[in-house]
>>> print(open('entry-v4.cif').read())   # mmCIF, N, CA and C atoms
data_query
loop_
_atom_site.group_PDB
_atom_site.id
_atom_site.type_symbol
_atom_site.label_atom_id
_atom_site.label_comp_id
_atom_site.auth_asym_id
_atom_site.auth_seq_id
_atom_site.Cartn_x
_atom_site.Cartn_y
_atom_site.Cartn_z
ATOM 1 N N MET A 1300 64.531 68.415 73.874
ATOM 2 C CA MET A 1300 65.654 69.233 73.493
ATOM 3 C C MET A 1300 66.697 68.328 72.830
ATOM 4 N N PRO A 1301 67.249 68.746 71.695
ATOM 5 C CA PRO A 1301 68.241 67.913 71.025
ATOM 6 C C PRO A 1301 69.540 67.826 71.827
ATOM 7 N N GLN A 1302 70.191 66.673 71.684
ATOM 8 C CA GLN A 1302 71.451 66.433 72.380
ATOM 9 C C GLN A 1302 72.589 67.200 71.693
ATOM 10 N N ILE A 1303 73.436 67.834 72.459
ATOM 11 C CA ILE A 1303 74.577 68.569 71.920
ATOM 12 C C ILE A 1303 75.806 67.687 72.050
ATOM 13 N N SER A 1304 76.557 67.571 70.980
ATOM 14 C CA SER A 1304 77.741 66.711 71.001
ATOM 15 C C SER A 1304 78.800 67.292 71.931
ATOM 16 N N SER A 1305 79.675 66.433 72.392
ATOM 17 C CA SER A 1305 80.724 66.889 73.312
ATOM 18 C C SER A 1305 81.681 67.855 72.616
ATOM 19 N N LYS A 1306 81.865 67.686 71.312
ATOM 20 C CA LYS A 1306 82.735 68.590 70.556
ATOM 21 C C LYS A 1306 82.146 70.005 70.527
ATOM 22 N N LYS A 1307 80.831 70.095 70.290
ATOM 23 C CA LYS A 1307 80.172 71.397 70.277
ATOM 24 C C LYS A 1307 80.133 72.006 71.675
ATOM 25 N N GLU A 1308 79.963 71.147 72.669
ATOM 26 C CA GLU A 1308 79.948 71.629 74.046
ATOM 27 C C GLU A 1308 81.305 72.241 74.413
ATOM 28 N N GLU A 1309 82.384 71.634 73.970
ATOM 29 C CA GLU A 1309 83.721 72.179 74.214
ATOM 30 C C GLU A 1309 83.887 73.533 73.524
ATOM 31 N N LYS A 1310 83.342 73.674 72.324
ATOM 32 C CA LYS A 1310 83.401 74.962 71.607
ATOM 33 C C LYS A 1310 82.641 76.040 72.378
ATOM 34 N N ILE A 1311 81.503 75.676 72.947
ATOM 35 C CA ILE A 1311 80.718 76.638 73.728
ATOM 36 C C ILE A 1311 81.492 77.046 74.984
ATOM 37 N N LYS A 1312 82.152 76.077 75.617
ATOM 38 C CA LYS A 1312 82.968 76.386 76.797
ATOM 39 C C LYS A 1312 84.103 77.327 76.421
ATOM 40 N N GLU A 1313 84.714 77.098 75.268
ATOM 41 C CA GLU A 1313 85.770 77.998 74.798
ATOM 42 C C GLU A 1313 85.224 79.409 74.581
ATOM 43 N N SER A 1314 84.000 79.483 74.060
ATOM 44 C CA SER A 1314 83.364 80.788 73.853
ATOM 45 C C SER A 1314 83.123 81.498 75.178
ATOM 46 N N ILE A 1315 82.728 80.742 76.182
ATOM 47 C CA ILE A 1315 82.504 81.306 77.516
ATOM 48 C C ILE A 1315 83.813 81.855 78.066
ATOM 49 N N LEU A 1316 84.887 81.072 77.952
ATOM 50 C CA LEU A 1316 86.188 81.512 78.459
ATOM 51 C C LEU A 1316 86.675 82.762 77.731
ATOM 52 N N LEU A 1317 86.496 82.787 76.417
ATOM 53 C CA LEU A 1317 86.916 83.955 75.647
ATOM 54 C C LEU A 1317 86.115 85.189 76.046
ATOM 55 N N PHE A 1318 84.813 85.024 76.226
ATOM 56 C CA PHE A 1318 83.959 86.142 76.627
ATOM 57 C C PHE A 1318 84.374 86.675 78.003
ATOM 58 N N LEU A 1319 84.679 85.772 78.937
ATOM 59 C CA LEU A 1319 85.123 86.208 80.254
ATOM 60 C C LEU A 1319 86.485 86.891 80.173
ATOM 61 N N PHE A 1320 87.357 86.420 79.284
ATOM 62 C CA PHE A 1320 88.662 87.060 79.109
ATOM 63 C C PHE A 1320 88.492 88.473 78.562
ATOM 64 N N GLN A 1321 87.610 88.628 77.578
ATOM 65 C CA GLN A 1321 87.392 89.933 76.974
ATOM 66 C C GLN A 1321 86.802 90.926 77.960
ATOM 67 N N ASN A 1322 86.088 90.433 78.960
ATOM 68 C CA ASN A 1322 85.463 91.308 79.950
ATOM 69 C C ASN A 1322 86.208 91.312 81.281
ATOM 70 N N SER A 1323 87.377 90.742 81.283
ATOM 71 C CA SER A 1323 88.175 90.671 82.496
ATOM 72 C C SER A 1323 88.654 92.068 82.885
ATOM 73 N N PRO A 1324 88.732 92.424 84.112
ATOM 74 C CA PRO A 1324 88.596 91.649 85.343
ATOM 75 C C PRO A 1324 87.180 91.649 85.924
ATOM 76 N N LYS A 1325 86.202 92.124 85.174
ATOM 77 C CA LYS A 1325 84.828 92.154 85.676
ATOM 78 C C LYS A 1325 84.311 90.732 85.881
ATOM 79 N N SER A 1326 83.477 90.555 86.872
ATOM 80 C CA SER A 1326 82.775 89.294 87.042
ATOM 81 C C SER A 1326 81.360 89.503 86.503
ATOM 82 N N LEU A 1327 80.866 88.517 85.769
ATOM 83 C CA LEU A 1327 79.589 88.649 85.081
ATOM 84 C C LEU A 1327 78.572 87.648 85.605
ATOM 85 N N PHE A 1328 77.315 88.063 85.595
ATOM 86 C CA PHE A 1328 76.242 87.163 85.991
ATOM 87 C C PHE A 1328 76.010 86.109 84.918
ATOM 88 N N THR A 1329 75.516 84.960 85.340
ATOM 89 C CA THR A 1329 75.209 83.862 84.430
ATOM 90 C C THR A 1329 74.256 84.333 83.332
ATOM 91 N N ALA A 1330 73.278 85.139 83.692
ATOM 92 C CA ALA A 1330 72.291 85.623 82.726
ATOM 93 C C ALA A 1330 72.951 86.443 81.620
ATOM 94 N N HIS A 1331 73.913 87.270 81.975
ATOM 95 C CA HIS A 1331 74.607 88.093 80.983
ATOM 96 C C HIS A 1331 75.424 87.221 80.032
ATOM 97 N N ILE A 1332 76.100 86.224 80.575
ATOM 98 C CA ILE A 1332 76.902 85.317 79.752
ATOM 99 C C ILE A 1332 76.008 84.536 78.805
ATOM 100 N N SER A 1333 74.909 84.005 79.314
ATOM 101 C CA SER A 1333 74.008 83.209 78.474
ATOM 102 C C SER A 1333 73.341 84.068 77.406
ATOM 103 N N GLN A 1334 73.031 85.301 77.734
ATOM 104 C CA GLN A 1334 72.432 86.207 76.749
ATOM 105 C C GLN A 1334 73.425 86.498 75.627
ATOM 106 N N GLU A 1335 74.678 86.724 75.975
ATOM 107 C CA GLU A 1335 75.697 87.027 74.979
ATOM 108 C C GLU A 1335 75.953 85.839 74.053
ATOM 109 N N LEU A 1336 75.885 84.630 74.597
ATOM 110 C CA LEU A 1336 76.147 83.427 73.811
ATOM 111 C C LEU A 1336 74.882 82.826 73.207
ATOM 112 N N ALA A 1337 73.745 83.437 73.464
ATOM 113 C CA ALA A 1337 72.447 82.963 72.965
ATOM 114 C C ALA A 1337 72.198 81.519 73.382
ATOM 115 N N ARG A 1338 72.386 81.243 74.670
ATOM 116 C CA ARG A 1338 72.154 79.920 75.244
ATOM 117 C C ARG A 1338 71.240 80.038 76.443
ATOM 118 N N ASP A 1339 70.645 78.928 76.804
ATOM 119 C CA ASP A 1339 69.776 78.846 77.972
ATOM 120 C C ASP A 1339 70.586 79.080 79.240
ATOM 121 N N GLU A 1340 70.015 79.783 80.213
ATOM 122 C CA GLU A 1340 70.731 80.097 81.447
ATOM 123 C C GLU A 1340 71.145 78.856 82.228
ATOM 124 N N GLU A 1341 70.252 77.887 82.327
ATOM 125 C CA GLU A 1341 70.568 76.667 83.082
ATOM 126 C C GLU A 1341 71.685 75.875 82.414
ATOM 127 N N TYR A 1342 71.662 75.825 81.090
ATOM 128 C CA TYR A 1342 72.713 75.127 80.355
ATOM 129 C C TYR A 1342 74.046 75.858 80.520
ATOM 130 N N THR A 1343 74.024 77.171 80.446
ATOM 131 C CA THR A 1343 75.229 77.970 80.636
ATOM 132 C C THR A 1343 75.774 77.781 82.045
ATOM 133 N N LYS A 1344 74.885 77.739 83.030
ATOM 134 C CA LYS A 1344 75.309 77.529 84.414
ATOM 135 C C LYS A 1344 75.973 76.166 84.574
ATOM 136 N N LYS A 1345 75.429 75.153 83.915
ATOM 137 C CA LYS A 1345 76.014 73.808 83.970
ATOM 138 C C LYS A 1345 77.423 73.822 83.386
ATOM 139 N N LEU A 1346 77.599 74.501 82.248
ATOM 140 C CA LEU A 1346 78.915 74.577 81.620
ATOM 141 C C LEU A 1346 79.899 75.356 82.491
ATOM 142 N N LEU A 1347 79.423 76.430 83.108
ATOM 143 C CA LEU A 1347 80.275 77.217 84.003
ATOM 144 C C LEU A 1347 80.704 76.391 85.223
ATOM 145 N N GLN A 1348 79.808 75.578 85.730
ATOM 146 C CA GLN A 1348 80.156 74.718 86.864
ATOM 147 C C GLN A 1348 81.184 73.667 86.450
ATOM 148 N N ASP A 1349 81.076 73.150 85.229
ATOM 149 C CA ASP A 1349 82.087 72.224 84.706
ATOM 150 C C ASP A 1349 83.441 72.914 84.614
ATOM 151 N N LEU A 1350 83.441 74.154 84.139
ATOM 152 C CA LEU A 1350 84.684 74.916 84.031
ATOM 153 C C LEU A 1350 85.258 75.249 85.408
ATOM 154 N N GLU A 1351 84.381 75.420 86.384
ATOM 155 C CA GLU A 1351 84.839 75.689 87.747
ATOM 156 C C GLU A 1351 85.529 74.456 88.327
ATOM 157 N N ILE A 1352 85.013 73.290 88.035
ATOM 158 C CA ILE A 1352 85.643 72.041 88.494
ATOM 159 C C ILE A 1352 87.042 71.909 87.902
ATOM 160 N N LYS A 1353 87.207 72.365 86.653
ATOM 161 C CA LYS A 1353 88.513 72.318 85.987
ATOM 162 C C LYS A 1353 89.405 73.492 86.401
ATOM 163 N N LYS A 1354 88.902 74.342 87.307
ATOM 164 C CA LYS A 1354 89.621 75.512 87.825
ATOM 165 C C LYS A 1354 89.972 76.531 86.738
ATOM 166 N N LEU A 1355 89.068 76.695 85.766
ATOM 167 C CA LEU A 1355 89.247 77.689 84.720
ATOM 168 C C LEU A 1355 88.444 78.954 84.994
ATOM 169 N N VAL A 1356 87.368 78.821 85.758
ATOM 170 C CA VAL A 1356 86.576 79.975 86.168
ATOM 171 C C VAL A 1356 86.368 79.915 87.674
ATOM 172 N N VAL A 1357 86.019 81.063 88.234
ATOM 173 C CA VAL A 1357 85.776 81.169 89.678
ATOM 174 C C VAL A 1357 84.397 81.787 89.859
ATOM 175 N N SER A 1358 83.594 81.175 90.734
ATOM 176 C CA SER A 1358 82.283 81.750 91.022
ATOM 177 C C SER A 1358 82.432 82.788 92.129
ATOM 178 N N VAL A 1359 81.703 83.889 91.962
ATOM 179 C CA VAL A 1359 81.687 84.960 92.959
ATOM 180 C C VAL A 1359 80.315 84.912 93.600
ATOM 181 N N LYS A 1360 80.288 84.599 94.888
ATOM 182 C CA LYS A 1360 79.013 84.377 95.563
ATOM 183 C C LYS A 1360 78.585 85.539 96.443
ATOM 184 N N LYS A 1361 79.431 86.579 96.508
ATOM 185 C CA LYS A 1361 79.099 87.746 97.336
ATOM 186 C C LYS A 1361 79.173 89.011 96.497
ATOM 187 N N ASN A 1362 78.351 89.989 96.849
ATOM 188 C CA ASN A 1362 78.406 91.270 96.144
ATOM 189 C C ASN A 1362 79.551 92.112 96.692
ATOM 190 N N HIS A 1363 79.710 93.317 96.172
ATOM 191 C CA HIS A 1363 80.825 94.173 96.573
ATOM 192 C C HIS A 1363 80.756 94.610 98.034
ATOM 193 N N GLU A 1364 79.595 94.451 98.660
ATOM 194 C CA GLU A 1364 79.437 94.797 100.074
ATOM 195 C C GLU A 1364 79.656 93.587 100.983
ATOM 196 N N GLY A 1365 79.928 92.419 100.399
ATOM 197 C CA GLY A 1365 80.171 91.213 101.180
ATOM 198 C C GLY A 1365 78.929 90.429 101.535
ATOM 199 N N ILE A 1366 77.792 90.791 100.943
ATOM 200 C CA ILE A 1366 76.539 90.091 101.216
ATOM 201 C C ILE A 1366 76.375 88.970 100.197
ATOM 202 N N ASP A 1367 76.009 87.768 100.680
ATOM 203 C CA ASP A 1367 75.830 86.619 99.793
ATOM 204 C C ASP A 1367 74.665 86.835 98.836
ATOM 205 N N TYR A 1368 74.876 86.413 97.583
ATOM 206 C CA TYR A 1368 73.771 86.392 96.622
ATOM 207 C C TYR A 1368 72.858 85.237 96.993
ATOM 208 N N LYS A 1369 71.558 85.445 96.876
ATOM 209 C CA LYS A 1369 70.627 84.378 97.220
ATOM 210 C C LYS A 1369 70.327 83.474 96.032
ATOM 211 N N LYS A 1370 70.141 84.065 94.850
ATOM 212 C CA LYS A 1370 69.784 83.270 93.684
ATOM 213 C C LYS A 1370 70.740 83.436 92.515
ATOM 214 N N ARG A 1371 71.480 84.497 92.519
ATOM 215 C CA ARG A 1371 72.335 84.795 91.369
ATOM 216 C C ARG A 1371 73.771 84.387 91.648
ATOM 217 N N MET A 1372 74.535 84.290 90.563
ATOM 218 C CA MET A 1372 75.948 83.962 90.674
ATOM 219 C C MET A 1372 76.723 84.748 89.643
ATOM 220 N N ARG A 1373 77.860 85.231 90.048
ATOM 221 C CA ARG A 1373 78.753 85.900 89.109
ATOM 222 C C ARG A 1373 79.927 84.976 88.835
ATOM 223 N N TRP A 1374 80.539 85.196 87.678
ATOM 224 C CA TRP A 1374 81.664 84.361 87.272
ATOM 225 C C TRP A 1374 82.781 85.238 86.746
ATOM 226 N N ARG A 1375 84.010 84.813 87.005
ATOM 227 C CA ARG A 1375 85.174 85.480 86.437
ATOM 228 C C ARG A 1375 86.180 84.408 86.049
ATOM 229 N N LEU A 1376 87.091 84.802 85.189
ATOM 230 C CA LEU A 1376 88.131 83.904 84.741
ATOM 231 C C LEU A 1376 89.142 83.689 85.867
ATOM 232 N N ALA A 1377 89.561 82.442 86.066
ATOM 233 C CA ALA A 1377 90.580 82.150 87.075
ATOM 234 C C ALA A 1377 91.904 82.772 86.632
ATOM 235 N N ASP A 1378 92.741 83.099 87.584
ATOM 236 C CA ASP A 1378 94.012 83.756 87.282
ATOM 237 C C ASP A 1378 94.865 82.938 86.312
ATOM 238 N N LYS A 1379 94.916 81.638 86.529
ATOM 239 C CA LYS A 1379 95.712 80.756 85.670
ATOM 240 C C LYS A 1379 95.197 80.791 84.230
ATOM 241 N N ALA A 1380 93.889 80.726 84.060
ATOM 242 C CA ALA A 1380 93.296 80.764 82.722
ATOM 243 C C ALA A 1380 93.512 82.132 82.075
ATOM 244 N N TYR A 1381 93.436 83.191 82.878
ATOM 245 C CA TYR A 1381 93.661 84.538 82.342
ATOM 246 C C TYR A 1381 95.076 84.661 81.782
ATOM 247 N N MET A 1382 96.053 84.164 82.520
ATOM 248 C CA MET A 1382 97.445 84.248 82.066
ATOM 249 C C MET A 1382 97.654 83.439 80.781
ATOM 250 N N MET A 1383 96.998 82.292 80.672
ATOM 251 C CA MET A 1383 97.118 81.482 79.458
ATOM 252 C C MET A 1383 96.531 82.225 78.261
ATOM 253 N N TYR A 1384 95.370 82.828 78.436
ATOM 254 C CA TYR A 1384 94.744 83.589 77.349
ATOM 255 C C TYR A 1384 95.584 84.806 76.983
ATOM 256 N N LYS A 1385 96.140 85.458 77.981
ATOM 257 C CA LYS A 1385 96.950 86.644 77.731
ATOM 258 C C LYS A 1385 98.189 86.296 76.908
ATOM 259 N N GLN A 1386 98.793 85.147 77.165
ATOM 260 C CA GLN A 1386 99.967 84.706 76.409
ATOM 261 C C GLN A 1386 99.609 84.350 74.972
ATOM 262 N N MET A 1387 98.379 83.918 74.744
ATOM 263 C CA MET A 1387 97.958 83.503 73.408
ATOM 264 C C MET A 1387 97.579 84.680 72.512
ATOM 265 N N GLN A 1388 97.430 85.879 73.075
ATOM 266 C CA GLN A 1388 97.020 87.034 72.294
ATOM 267 C C GLN A 1388 98.117 87.421 71.308
ATOM 268 N N PRO A 1389 97.807 87.431 70.003
ATOM 269 C CA PRO A 1389 98.830 87.763 69.007
ATOM 270 C C PRO A 1389 99.110 89.263 68.953
ATOM 271 N N GLY A 1390 100.370 89.585 68.713
ATOM 272 C CA GLY A 1390 100.743 90.971 68.454
ATOM 273 C C GLY A 1390 100.720 91.901 69.642
ATOM 274 N N GLN A 1391 100.559 91.388 70.828
ATOM 275 C CA GLN A 1391 100.544 92.281 71.981
ATOM 276 C C GLN A 1391 101.943 92.396 72.539
ATOM 277 N N GLN A 1392 102.425 93.602 72.638
ATOM 278 C CA GLN A 1392 103.751 93.888 73.164
ATOM 279 C C GLN A 1392 103.584 94.497 74.553
ATOM 280 N N PRO A 1393 104.493 94.193 75.457
ATOM 281 C CA PRO A 1393 104.396 94.849 76.760
ATOM 282 C C PRO A 1393 104.652 96.341 76.609
ATOM 283 N N PRO A 1394 104.037 97.163 77.435
ATOM 284 C CA PRO A 1394 104.232 98.612 77.307
ATOM 285 C C PRO A 1394 105.689 98.979 77.541
ATOM 286 N N LEU A 1395 106.158 99.948 76.791
ATOM 287 C CA LEU A 1395 107.536 100.406 76.926
ATOM 288 C C LEU A 1395 107.680 101.221 78.196
ATOM 289 N N SER A 1396 108.823 101.083 78.830
ATOM 290 C CA SER A 1396 109.049 101.838 80.063
ATOM 291 C C SER A 1396 109.775 103.144 79.779
ATOM 292 N N ILE A 1397 109.906 103.501 78.502
ATOM 293 C CA ILE A 1397 110.585 104.732 78.130
ATOM 294 C C ILE A 1397 109.629 105.905 78.308
ATOM 295 N N GLN A 1398 110.095 106.931 78.988
ATOM 296 C CA GLN A 1398 109.288 108.117 79.203
ATOM 297 C C GLN A 1398 109.303 108.986 77.952
ATOM 298 N N PRO A 1399 108.206 109.606 77.580
ATOM 299 C CA PRO A 1399 108.214 110.515 76.438
ATOM 300 C C PRO A 1399 109.071 111.733 76.753
ATOM 301 N N PRO A 1400 109.713 112.316 75.748
ATOM 302 C CA PRO A 1400 110.570 113.466 76.027
ATOM 303 C C PRO A 1400 109.760 114.652 76.525
ATOM 304 N N ASN A 1401 110.370 115.416 77.363
ATOM 305 C CA ASN A 1401 109.729 116.603 77.902
ATOM 306 C C ASN A 1401 109.772 117.686 76.820
ATOM 307 N N ILE A 1402 108.626 118.127 76.386
ATOM 308 C CA ILE A 1402 108.532 119.092 75.292
ATOM 309 C C ILE A 1402 109.166 120.420 75.679
ATOM 310 N N LEU A 1403 109.117 120.796 76.919
ATOM 311 C CA LEU A 1403 109.643 122.076 77.364
ATOM 312 C C LEU A 1403 111.164 122.139 77.295
ATOM 313 N N THR A 1404 111.839 120.999 77.386
ATOM 314 C CA THR A 1404 113.306 121.006 77.368
ATOM 315 C C THR A 1404 113.869 120.845 75.963
ATOM 316 N N LEU A 1405 113.059 120.510 74.983
ATOM 317 C CA LEU A 1405 113.540 120.357 73.610
ATOM 318 C C LEU A 1405 113.676 121.728 72.951
ATOM 319 N N LYS A 1406 114.752 121.901 72.195
ATOM 320 C CA LYS A 1406 114.941 123.180 71.506
ATOM 321 C C LYS A 1406 115.187 122.981 70.051
#
>>> encode(input="entry-v4.cif", output="structure tokens")
Amino acid sequence: MPQISSKKEEKIKESILLFLFQNSPKSLFTAHISQELARDEEYTKKLLQDLEIKKLVVSVKKNHEGIDYKKRMRWRLADKAYMMYKQMQPGQQPPLSIQPPNILTLK
């Protein structure tokens, strides 16, 4: 297998983070992430573990019923990373707190 440069590896990690941000707050399986990025599952898992060490992603080891996964792992964006990505989004305005006028009272 050809060696991937560290610069390209960083780009792939950025792609993983962006994909997790776009699918937030859902947690995704490694297989789904690797399929979307067209990368090998083991390589994607290695990159996700690197991102977990940097506290950018969080691994989810239990299903919604609280039972541990035996072979699979889900991943989600860490709260800190989510807030950073959210701040970087261009053109997003916070929702207005103004209530729409009541049509029945307008004359």
>>> closest_residue(input="entry-v4.cif", among="A:Leu1346, A:Ile1311, A:Ala1380, A:Met1372", to="Val1359 (chain A)", atoms="all atoms listed in the file")
A:Met1372
>>> atom_distance(input="entry-v4.cif", atom1="atom C of His1363 (chain A)", atom2="atom C of Asp1378 (chain A)")
21.7 Å
>>> select_by_dssp(input="entry-v4.cif", residues="region 1310-1391 of chain A", states="alpha helix (DSSP H)", output="compact mmCIF listing (two decimals) with N, CA and C atoms, keeping the file's coordinate frame")
# COMPACT_ATOMS: atom_id res chain seq x y z
N LYS A 1310 83.34 73.67 72.32
CA LYS A 1310 83.40 74.96 71.61
C LYS A 1310 82.64 76.04 72.38
N ILE A 1311 81.50 75.68 72.95
CA ILE A 1311 80.72 76.64 73.73
C ILE A 1311 81.49 77.05 74.98
N LYS A 1312 82.15 76.08 75.62
CA LYS A 1312 82.97 76.39 76.80
C LYS A 1312 84.10 77.33 76.42
N GLU A 1313 84.71 77.10 75.27
CA GLU A 1313 85.77 78.00 74.80
C GLU A 1313 85.22 79.41 74.58
N SER A 1314 84.00 79.48 74.06
CA SER A 1314 83.36 80.79 73.85
C SER A 1314 83.12 81.50 75.18
N ILE A 1315 82.73 80.74 76.18
CA ILE A 1315 82.50 81.31 77.52
C ILE A 1315 83.81 81.86 78.07
N LEU A 1316 84.89 81.07 77.95
CA LEU A 1316 86.19 81.51 78.46
C LEU A 1316 86.68 82.76 77.73
N LEU A 1317 86.50 82.79 76.42
CA LEU A 1317 86.92 83.96 75.65
C LEU A 1317 86.12 85.19 76.05
N PHE A 1318 84.81 85.02 76.23
CA PHE A 1318 83.96 86.14 76.63
C PHE A 1318 84.37 86.68 78.00
N LEU A 1319 84.68 85.77 78.94
CA LEU A 1319 85.12 86.21 80.25
C LEU A 1319 86.48 86.89 80.17
N PHE A 1320 87.36 86.42 79.28
CA PHE A 1320 88.66 87.06 79.11
C PHE A 1320 88.49 88.47 78.56
N GLN A 1321 87.61 88.63 77.58
CA GLN A 1321 87.39 89.93 76.97
C GLN A 1321 86.80 90.93 77.96
N THR A 1329 75.52 84.96 85.34
CA THR A 1329 75.21 83.86 84.43
C THR A 1329 74.26 84.33 83.33
N ALA A 1330 73.28 85.14 83.69
CA ALA A 1330 72.29 85.62 82.73
C ALA A 1330 72.95 86.44 81.62
N HIS A 1331 73.91 87.27 81.98
CA HIS A 1331 74.61 88.09 80.98
C HIS A 1331 75.42 87.22 80.03
N ILE A 1332 76.10 86.22 80.58
CA ILE A 1332 76.90 85.32 79.75
C ILE A 1332 76.01 84.54 78.81
N SER A 1333 74.91 84.00 79.31
CA SER A 1333 74.01 83.21 78.47
C SER A 1333 73.34 84.07 77.41
N GLN A 1334 73.03 85.30 77.73
CA GLN A 1334 72.43 86.21 76.75
C GLN A 1334 73.42 86.50 75.63
N GLU A 1335 74.68 86.72 75.97
CA GLU A 1335 75.70 87.03 74.98
C GLU A 1335 75.95 85.84 74.05
N LEU A 1336 75.89 84.63 74.60
CA LEU A 1336 76.15 83.43 73.81
C LEU A 1336 74.88 82.83 73.21
N GLU A 1340 70.02 79.78 80.21
CA GLU A 1340 70.73 80.10 81.45
C GLU A 1340 71.14 78.86 82.23
N GLU A 1341 70.25 77.89 82.33
CA GLU A 1341 70.57 76.67 83.08
C GLU A 1341 71.68 75.88 82.41
N TYR A 1342 71.66 75.82 81.09
CA TYR A 1342 72.71 75.13 80.36
C TYR A 1342 74.05 75.86 80.52
N THR A 1343 74.02 77.17 80.45
CA THR A 1343 75.23 77.97 80.64
C THR A 1343 75.77 77.78 82.04
N LYS A 1344 74.89 77.74 83.03
CA LYS A 1344 75.31 77.53 84.41
C LYS A 1344 75.97 76.17 84.57
N LYS A 1345 75.43 75.15 83.92
CA LYS A 1345 76.01 73.81 83.97
C LYS A 1345 77.42 73.82 83.39
N LEU A 1346 77.60 74.50 82.25
CA LEU A 1346 78.92 74.58 81.62
C LEU A 1346 79.90 75.36 82.49
N LEU A 1347 79.42 76.43 83.11
CA LEU A 1347 80.28 77.22 84.00
C LEU A 1347 80.70 76.39 85.22
N GLN A 1348 79.81 75.58 85.73
CA GLN A 1348 80.16 74.72 86.86
C GLN A 1348 81.18 73.67 86.45
N ASP A 1349 81.08 73.15 85.23
CA ASP A 1349 82.09 72.22 84.71
C ASP A 1349 83.44 72.91 84.61
N LEU A 1350 83.44 74.15 84.14
CA LEU A 1350 84.68 74.92 84.03
C LEU A 1350 85.26 75.25 85.41
N GLU A 1351 84.38 75.42 86.38
CA GLU A 1351 84.84 75.69 87.75
C GLU A 1351 85.53 74.46 88.33
N ILE A 1352 85.01 73.29 88.04
CA ILE A 1352 85.64 72.04 88.49
C ILE A 1352 87.04 71.91 87.90
N ASP A 1378 92.74 83.10 87.58
CA ASP A 1378 94.01 83.76 87.28
C ASP A 1378 94.86 82.94 86.31
N LYS A 1379 94.92 81.64 86.53
CA LYS A 1379 95.71 80.76 85.67
C LYS A 1379 95.20 80.79 84.23
N ALA A 1380 93.89 80.73 84.06
CA ALA A 1380 93.30 80.76 82.72
C ALA A 1380 93.51 82.13 82.08
N TYR A 1381 93.44 83.19 82.88
CA TYR A 1381 93.66 84.54 82.34
C TYR A 1381 95.08 84.66 81.78
N MET A 1382 96.05 84.16 82.52
CA MET A 1382 97.44 84.25 82.07
C MET A 1382 97.65 83.44 80.78
N MET A 1383 97.00 82.29 80.67
CA MET A 1383 97.12 81.48 79.46
C MET A 1383 96.53 82.22 78.26
N TYR A 1384 95.37 82.83 78.44
CA TYR A 1384 94.74 83.59 77.35
C TYR A 1384 95.58 84.81 76.98
N LYS A 1385 96.14 85.46 77.98
CA LYS A 1385 96.95 86.64 77.73
C LYS A 1385 98.19 86.30 76.91
N GLN A 1386 98.79 85.15 77.17
CA GLN A 1386 99.97 84.71 76.41
C GLN A 1386 99.61 84.35 74.97
N MET A 1387 98.38 83.92 74.74
CA MET A 1387 97.96 83.50 73.41
C MET A 1387 97.58 84.68 72.51
>>> residues_around(input="entry-v4.cif", residues="region 1341-1343 of chain A", least_positions_apart="4", cutoff="7 Å", atoms="all atoms listed in the file", output="PyMOL selection string")
chain A and resi 1329+1332-1333+1347-1348
>>> atom_distance(input="entry-v4.cif", atom1="atom C of Phe1318 (chain A)", atom2="atom C of Lys1379 (chain A)")
13.8 Å
>>> resolve_selection(input="entry-v4.cif", expression="the PyMOL selection byres (((chain A and resi 1323 and name CA) around 12) and name CA)", output="compact mmCIF listing (two decimals) with N, CA and C atoms, keeping the file's coordinate frame")
# COMPACT_ATOMS: atom_id res chain seq x y z
N LEU A 1316 84.89 81.07 77.95
CA LEU A 1316 86.19 81.51 78.46
C LEU A 1316 86.68 82.76 77.73
N LEU A 1317 86.50 82.79 76.42
CA LEU A 1317 86.92 83.96 75.65
C LEU A 1317 86.12 85.19 76.05
N PHE A 1318 84.81 85.02 76.23
CA PHE A 1318 83.96 86.14 76.63
C PHE A 1318 84.37 86.68 78.00
N LEU A 1319 84.68 85.77 78.94
CA LEU A 1319 85.12 86.21 80.25
C LEU A 1319 86.48 86.89 80.17
N PHE A 1320 87.36 86.42 79.28
CA PHE A 1320 88.66 87.06 79.11
C PHE A 1320 88.49 88.47 78.56
N GLN A 1321 87.61 88.63 77.58
CA GLN A 1321 87.39 89.93 76.97
C GLN A 1321 86.80 90.93 77.96
N ASN A 1322 86.09 90.43 78.96
CA ASN A 1322 85.46 91.31 79.95
C ASN A 1322 86.21 91.31 81.28
N PRO A 1324 88.73 92.42 84.11
CA PRO A 1324 88.60 91.65 85.34
C PRO A 1324 87.18 91.65 85.92
N LYS A 1325 86.20 92.12 85.17
CA LYS A 1325 84.83 92.15 85.68
C LYS A 1325 84.31 90.73 85.88
N SER A 1326 83.48 90.56 86.87
CA SER A 1326 82.78 89.29 87.04
C SER A 1326 81.36 89.50 86.50
N LEU A 1327 80.87 88.52 85.77
CA LEU A 1327 79.59 88.65 85.08
C LEU A 1327 78.57 87.65 85.60
N VAL A 1356 87.37 78.82 85.76
CA VAL A 1356 86.58 79.97 86.17
C VAL A 1356 86.37 79.92 87.67
N TRP A 1374 80.54 85.20 87.68
CA TRP A 1374 81.66 84.36 87.27
C TRP A 1374 82.78 85.24 86.75
N ARG A 1375 84.01 84.81 87.00
CA ARG A 1375 85.17 85.48 86.44
C ARG A 1375 86.18 84.41 86.05
N LEU A 1376 87.09 84.80 85.19
CA LEU A 1376 88.13 83.90 84.74
C LEU A 1376 89.14 83.69 85.87
N ALA A 1377 89.56 82.44 86.07
CA ALA A 1377 90.58 82.15 87.08
C ALA A 1377 91.90 82.77 86.63
N ASP A 1378 92.74 83.10 87.58
CA ASP A 1378 94.01 83.76 87.28
C ASP A 1378 94.86 82.94 86.31
N ALA A 1380 93.89 80.73 84.06
CA ALA A 1380 93.30 80.76 82.72
C ALA A 1380 93.51 82.13 82.08
N TYR A 1381 93.44 83.19 82.88
CA TYR A 1381 93.66 84.54 82.34
C TYR A 1381 95.08 84.66 81.78
N MET A 1382 96.05 84.16 82.52
CA MET A 1382 97.44 84.25 82.07
C MET A 1382 97.65 83.44 80.78
N TYR A 1384 95.37 82.83 78.44
CA TYR A 1384 94.74 83.59 77.35
C TYR A 1384 95.58 84.81 76.98
N LYS A 1385 96.14 85.46 77.98
CA LYS A 1385 96.95 86.64 77.73
C LYS A 1385 98.19 86.30 76.91
